[in-house]
Structures are given as C-alpha cells and as structure tokens.
Amino acid sequence: MPSRGPAGTLLRAAGAIVATVSCFTLARSSSVEQDFSKLERGRYLTTLADCAACHRDPIQGRDFAGGRPIETPFGNVLAPNITPDRETGIGNWSDAEFDTAVRRGKRPDGKLLYPAMPFPYYARMSKEDVAAIRAYLNTMQPVHNLVEPDQLPFPLDLRVGMRVWDALYFKDGSFLPNPSKSAAWNRGAELVEGPGHCGACHTPKTLLGGDKTDRALRGYSMQGWFAPDITNDERLGLGAWTAADIVDYLKSGHNRFAAASGPMAEEVSYSTSRMKQDDLEAIATYLKDIPAESAAAAPLSADDPSMQAGAAIYRDLCAACHKLDGTGVATLFPNLAASSSVASREPTSLIRVVLRGGQSVSTSVAPTGPRMPAFGWQLNDAELAALLTYIRNSWGHAAMPVTERTVRNARSRLAARND
C-alpha cells in the first residue's frame, strides 16, 4: 500500500531526490569517464605523432615549450610553444584554429606553416584525433616561452611562398582505408602515412622540399644522416627483416641487424618505444608489403686496391666488434653483413658514424645503448673511403665505391655541425 499523509509525501520527495542525485552521479561519472578516455587518446596520439621530440625546450627540457631548431635544407625553423600559455603558447587558440594548424598548415593569424611541421601527414588524422590531442595539451603546465619560429633567410622567410608549395604538394583529407587490405595493414598505413609521418625523413624530396610520392619511403639524406629505405627491398630496404625484427627495432631501438642512432634514436625514445604492441605489428605489416624497387648489382672485385686496403683496415679496427664475417653481436653490435643500410645509395650515415662515432638509443627494453667510438682522428680521407668501400661491397653487398673526395666533403660539413 502506498504511504499517505505528510509522512508519505516526505518519503516520496526523498525518493525523488535520491533518484535525481543518482542520475546526476551516473551522468557525471559517465562524463568523467568520457573526458579521461579523450585525454588518454590525446596522450597516445601525441606519442604517435612524436610531438615531444620537436617541441621540447632544448635549453631547460620543458615539455612542449618549443624553441628547438628544426633543420631543413633551406635553413632552421624553431618549433613553437604548444603549451596552453595564453601569451606565448596556444592557450588562446580555439579548437578549430588548432585543427586548422595541425591538419591544414595554417596559423590563426592566417599565415601558412612551413612543412617542417609535418601537417601534410597530420592531414590524414581525423578531426576527432586532433581534438583529443588539443584536450591533452590543455592539461599541460602552461610555460611562458616566447619563440619566434621564422629563422629562414630572405625571401624564404616570406610565408606567402607556401601557397605555391601547398598547391604542389599538400593533399587535404583524412586517411581512407583500402578495402582490399587487412585491418592490420590499414592501421599500419594510417600510422605511417599519418601521425607517424615516416615519409618526412624516409621519402626522397624535390628541390622545393616536397615528397617524391612515386618513391615513398626509399631513403633520403637529412640533418647529416641518411634515413634509409624502409620498403621491403631485399638489397636496400627491410627485405631481410621479418615483421618481428621491425617490431623489435621500433620497440627497443635494437634488433639482430641494427641499432637506432641519430634522429631515429629520438623517434624510438619519444615515440615508437611507447607505442602499443598491435600498432607496432601493424606498422610492420604495412612496411613488409611495400614492393622492392632496386635492381641486382655486382660487388666491387676483391682484387681492387680499395677493397684490399679496406679489408686490412677492417681487420685492425672493426673485426673485434663486428667480427671478420661482419655478423656482429645481435642487439649489441650491428650486423654489417645483413644490414641493408650498409649498401644504401648514399654512404652519409656510414661516413658520419666512422668519423664521429655513434650512440645507439637506450630504452626500457634495451637499456644498454652501446656506443661506437670515433675513428676520424685515426683515419685519413683515403683510408676511410677504402674501409667503407670494402664494407659496402662485402658479404653479399654491392654498392658504389666511396671516394676520398666524398669523405673529405663530409668531414668538412660535419666539422660545422654541433650535434
């Protein structure tokens, strides 16, 4: 029987209040859960896009505070402050303005961004992806750090020229899955072509700095390194790597063939080592499906004077770590015999690491991070050229000989670099 009288009225009112509070609590709980989910999504997308590597303050190490010089063939551009500071960051930007900057390369003041900010790749992300990134960045501590990105010489500092560049190379639109491919392949393609922006380093460029899309991911020299071919090419790319090898490399910075150093070490440290396992496997699936391009080539004869001189230097300086047969030590000293990057069309990275040494990345999975010593003080240009010619034409490799002039020019360029 329902209650009647004042007591019944009181009970019904109390029940209504309880029901209202319960509904409000459930709604609030759902809202908080949705907000947390969006923030976590934004955090992960920021990792996928490797925002920290470029936007971290190089002086004080403040996350996303900007100021790092981004080297381009035309000069340096400073990465801006993307903390929610209202005066020097993006705190006064609307979500729509942030989306336009990230996916279309246009600042709130109407000026066009240089492609040092990889908006042509970020254009493949969805509006919801970028909104999640913005939500996550809004949780960062605001940092007052005024950065003036424009460092290019005249007339390249006139951003109006980007209208021509955009017309030639920018393609708007989110990633569209290929229905004939697997879900893993499509996820890998989305990551490589989108937030991962792998082509920014690994795709050859035109004279204006645009991607040669017909040669995507086939290697490019930049910042004093050669970003190698990462297609499934057996001779120059990742053809000898299994999908598991690719995952190991991206997760730890090391595998049975290679160790990440230079710009790739940063990519591993800030981004790929923190990716989910299924995303790394998806990237490997996609890269292993990119067909080979290079033709067979014959190695330089072992009787060539450069090969003989290089062999002698290799035995003296390199064999202790990399072994006489070039196989090295798995996950510690790179396997030169099976490393396709040894025979890259440009010896830029090889010259650099022999001249100046190299520090491989240290990650939680592989914390050792071995370092190769420098030999530039010990080898003259002719000796170094002979050594690299030998390495690039041994153990099944076949590549153009390295000339003394090439080493001399590289040594001069590296002397002017402080990285």
# chains A, B, ... in the order shown; residues from 1 in each chain; ligands from 1
call {"tool": "select_by_dssp", "arguments": {"residues": "segment 142-274 of chain A", "states": "alpha helix (DSSP H)", "output": "PyMOL selection string"}}
result
chain A and resi 162-169+183-193+199-202+243-252+263-270
call {"tool": "write_last_selection", "arguments": {"atoms": "C-alpha atoms", "output": "JSON list (two decimals), in the first residue's frame"}}
result
[["chain", "number", "residue", "atom", "x", "y", "z"],
["A", 162, "MET", "CA", 53.91, 28.43, -49.11],
["A", 163, "ARG", "CA", 50.82, 28.97, -51.25],
["A", 164, "VAL", "CA", 52.74, 27.58, -54.20],
["A", 165, "TRP", "CA", 54.18, 24.75, -52.10],
["A", 166, "ASP", "CA", 50.76, 23.78, -50.77],
["A", 167, "ALA", "CA", 49.30, 23.81, -54.28],
["A", 168, "LEU", "CA", 52.05, 21.44, -55.45],
["A", 169, "TYR", "CA", 52.40, 19.06, -52.52],
["A", 183, "ALA", "CA", 42.70, -4.33, -40.81],
["A", 184, "ALA", "CA", 46.33, -4.57, -39.64],
["A", 185, "TRP", "CA", 47.63, -3.30, -42.99],
["A", 186, "ASN", "CA", 45.23, -0.37, -42.94],
["A", 187, "ARG", "CA", 46.15, 0.53, -39.37],
["A", 188, "GLY", "CA", 49.82, 0.41, -40.31],
["A", 189, "ALA", "CA", 49.23, 2.56, -43.37],
["A", 190, "GLU", "CA", 47.28, 5.05, -41.28],
["A", 191, "LEU", "CA", 50.12, 5.33, -38.77],
["A", 192, "VAL", "CA", 52.97, 5.51, -41.29],
["A", 193, "GLU", "CA", 51.23, 7.93, -43.64],
["A", 199, "GLY", "CA", 57.96, 9.89, -45.08],
["A", 200, "ALA", "CA", 59.10, 13.22, -43.65],
["A", 201, "CYS", "CA", 62.53, 11.63, -43.24],
["A", 202, "HIS", "CA", 62.50, 8.49, -45.36],
["A", 243, "ALA", "CA", 57.89, -8.35, -39.17],
["A", 244, "ALA", "CA", 59.16, -9.34, -35.71],
["A", 245, "ASP", "CA", 62.53, -7.71, -36.48],
["A", 246, "ILE", "CA", 60.78, -4.45, -37.32],
["A", 247, "VAL", "CA", 58.75, -4.59, -34.11],
["A", 248, "ASP", "CA", 61.89, -5.30, -32.05],
["A", 249, "TYR", "CA", 63.70, -2.36, -33.61],
["A", 250, "LEU", "CA", 60.84, 0.09, -33.09],
["A", 251, "LYS", "CA", 60.19, -1.12, -29.55],
["A", 252, "SER", "CA", 63.76, -1.32, -28.25],
["A", 263, "PRO", "CA", 67.29, 11.24, -35.41],
["A", 264, "MET", "CA", 65.91, 7.69, -35.36],
["A", 265, "ALA", "CA", 67.09, 7.29, -31.77],
["A", 266, "GLU", "CA", 64.84, 10.21, -30.83],
["A", 267, "GLU", "CA", 61.94, 8.70, -32.74],
["A", 268, "VAL", "CA", 62.36, 5.45, -30.83],
["A", 269, "SER", "CA", 62.87, 7.16, -27.49],
["A", 270, "TYR", "CA", 59.91, 9.55, -27.65]]
call {"tool": "residues_around", "arguments": {"residues": "segment 83-91 of chain A", "least_positions_apart": "6", "cutoff": "7 Å", "atoms": "only C-alpha atoms", "output": "list in words"}}
result
Phe64, Ala65, Leu137, Asn138, Met140, Gln141, Pro142, Val143, His144, Asn145 and Leu146 of chain A
call {"tool": "write_last_selection", "arguments": {"atoms": "N, CA, C and O atoms", "output": "PDB file, in the first residue's frame"}}
result
ATOM      1  N   PHE A  64      56.984  20.497 -24.466  1.00  0.00           N
ATOM      2  CA  PHE A  64      56.123  21.220 -25.404  1.00  0.00           C
ATOM      3  C   PHE A  64      56.310  22.743 -25.370  1.00  0.00           C
ATOM      4  O   PHE A  64      55.525  23.465 -25.949  1.00  0.00           O
ATOM      5  N   ALA A  65      57.374  23.220 -24.707  1.00  0.00           N
ATOM      6  CA  ALA A  65      57.583  24.666 -24.599  1.00  0.00           C
ATOM      7  C   ALA A  65      58.239  25.263 -25.842  1.00  0.00           C
ATOM      8  O   ALA A  65      58.307  26.485 -25.982  1.00  0.00           O
ATOM      9  N   LEU A 137      46.894  18.437 -24.550  1.00  0.00           N
ATOM     10  CA  LEU A 137      47.836  19.546 -24.386  1.00  0.00           C
ATOM     11  C   LEU A 137      47.310  20.581 -23.397  1.00  0.00           C
ATOM     12  O   LEU A 137      48.090  21.246 -22.711  1.00  0.00           O
ATOM     13  N   ASN A 138      46.001  20.712 -23.325  1.00  0.00           N
ATOM     14  CA  ASN A 138      45.412  21.659 -22.374  1.00  0.00           C
ATOM     15  C   ASN A 138      45.662  21.275 -20.920  1.00  0.00           C
ATOM     16  O   ASN A 138      45.498  22.100 -20.016  1.00  0.00           O
ATOM     17  N   MET A 140      48.582  20.296 -19.893  1.00  0.00           N
ATOM     18  CA  MET A 140      49.984  20.569 -19.607  1.00  0.00           C
ATOM     19  C   MET A 140      50.141  21.855 -18.801  1.00  0.00           C
ATOM     20  O   MET A 140      49.298  22.749 -18.854  1.00  0.00           O
ATOM     21  N   GLN A 141      51.228  21.944 -18.053  1.00  0.00           N
ATOM     22  CA  GLN A 141      51.545  23.168 -17.323  1.00  0.00           C
ATOM     23  C   GLN A 141      51.860  24.274 -18.324  1.00  0.00           C
ATOM     24  O   GLN A 141      52.741  24.115 -19.165  1.00  0.00           O
ATOM     25  N   PRO A 142      51.143  25.404 -18.300  1.00  0.00           N
ATOM     26  CA  PRO A 142      51.478  26.500 -19.220  1.00  0.00           C
ATOM     27  C   PRO A 142      52.907  26.989 -18.978  1.00  0.00           C
ATOM     28  O   PRO A 142      53.321  27.165 -17.834  1.00  0.00           O
ATOM     29  N   VAL A 143      53.639  27.186 -20.050  1.00  0.00           N
ATOM     30  CA  VAL A 143      55.016  27.675 -19.953  1.00  0.00           C
ATOM     31  C   VAL A 143      55.120  28.969 -20.753  1.00  0.00           C
ATOM     32  O   VAL A 143      54.757  29.006 -21.935  1.00  0.00           O
ATOM     33  N   HIS A 144      55.582  30.008 -20.099  1.00  0.00           N
ATOM     34  CA  HIS A 144      55.764  31.283 -20.787  1.00  0.00           C
ATOM     35  C   HIS A 144      57.128  31.258 -21.488  1.00  0.00           C
ATOM     36  O   HIS A 144      58.166  31.420 -20.858  1.00  0.00           O
ATOM     37  N   ASN A 145      57.103  31.014 -22.785  1.00  0.00           N
ATOM     38  CA  ASN A 145      58.348  30.908 -23.554  1.00  0.00           C
ATOM     39  C   ASN A 145      58.084  31.430 -24.960  1.00  0.00           C
ATOM     40  O   ASN A 145      57.528  30.736 -25.800  1.00  0.00           O
ATOM     41  N   LEU A 146      58.467  32.665 -25.195  1.00  0.00           N
ATOM     42  CA  LEU A 146      58.233  33.296 -26.493  1.00  0.00           C
ATOM     43  C   LEU A 146      59.225  32.758 -27.514  1.00  0.00           C
ATOM     44  O   LEU A 146      60.437  32.862 -27.338  1.00  0.00           O
TER      45      LEU A 146
END
call {"tool": "closest_residue", "arguments": {"among": "A:Leu350, A:Ala53, A:Leu113, A:Leu176", "to": "Thr100 of chain A", "atoms": "only C-alpha atoms"}}
result
A:Leu113
call {"tool": "closest_residue", "arguments": {"among": "A:Pro149, A:Pro69, A:Gly396, A:Gly369", "to": "Glu234 of chain A", "atoms": "only C-alpha atoms"}}
result
A:Gly396
call {"tool": "residues_around", "arguments": {"residues": "Asn393 of chain A", "least_positions_apart": "6", "cutoff": "6 Å", "atoms": "only C-alpha atoms", "output": "PyMOL selection string"}}
result
chain A and resi 299-300+399
call {"tool": "write_last_selection", "arguments": {"atoms": "N, CA, C and O atoms", "output": "PDB file, in the first residue's frame"}}
result
ATOM      1  N   PRO A 299      79.099  -6.660 -56.835  1.00  0.00           N
ATOM      2  CA  PRO A 299      80.045  -6.011 -55.920  1.00  0.00           C
ATOM      3  C   PRO A 299      81.374  -5.710 -56.597  1.00  0.00           C
ATOM      4  O   PRO A 299      81.717  -6.300 -57.627  1.00  0.00           O
ATOM      5  N   LEU A 300      82.113  -4.788 -56.013  1.00  0.00           N
ATOM      6  CA  LEU A 300      83.451  -4.476 -56.491  1.00  0.00           C
ATOM      7  C   LEU A 300      84.342  -5.701 -56.275  1.00  0.00           C
ATOM      8  O   LEU A 300      84.206  -6.412 -55.278  1.00  0.00           O
ATOM      9  N   ALA A 399      77.602  -1.950 -53.774  1.00  0.00           N
ATOM     10  CA  ALA A 399      77.278  -0.527 -53.753  1.00  0.00           C
ATOM     11  C   ALA A 399      78.410   0.261 -54.402  1.00  0.00           C
ATOM     12  O   ALA A 399      79.541  -0.224 -54.528  1.00  0.00           O
TER      13      ALA A 399
END
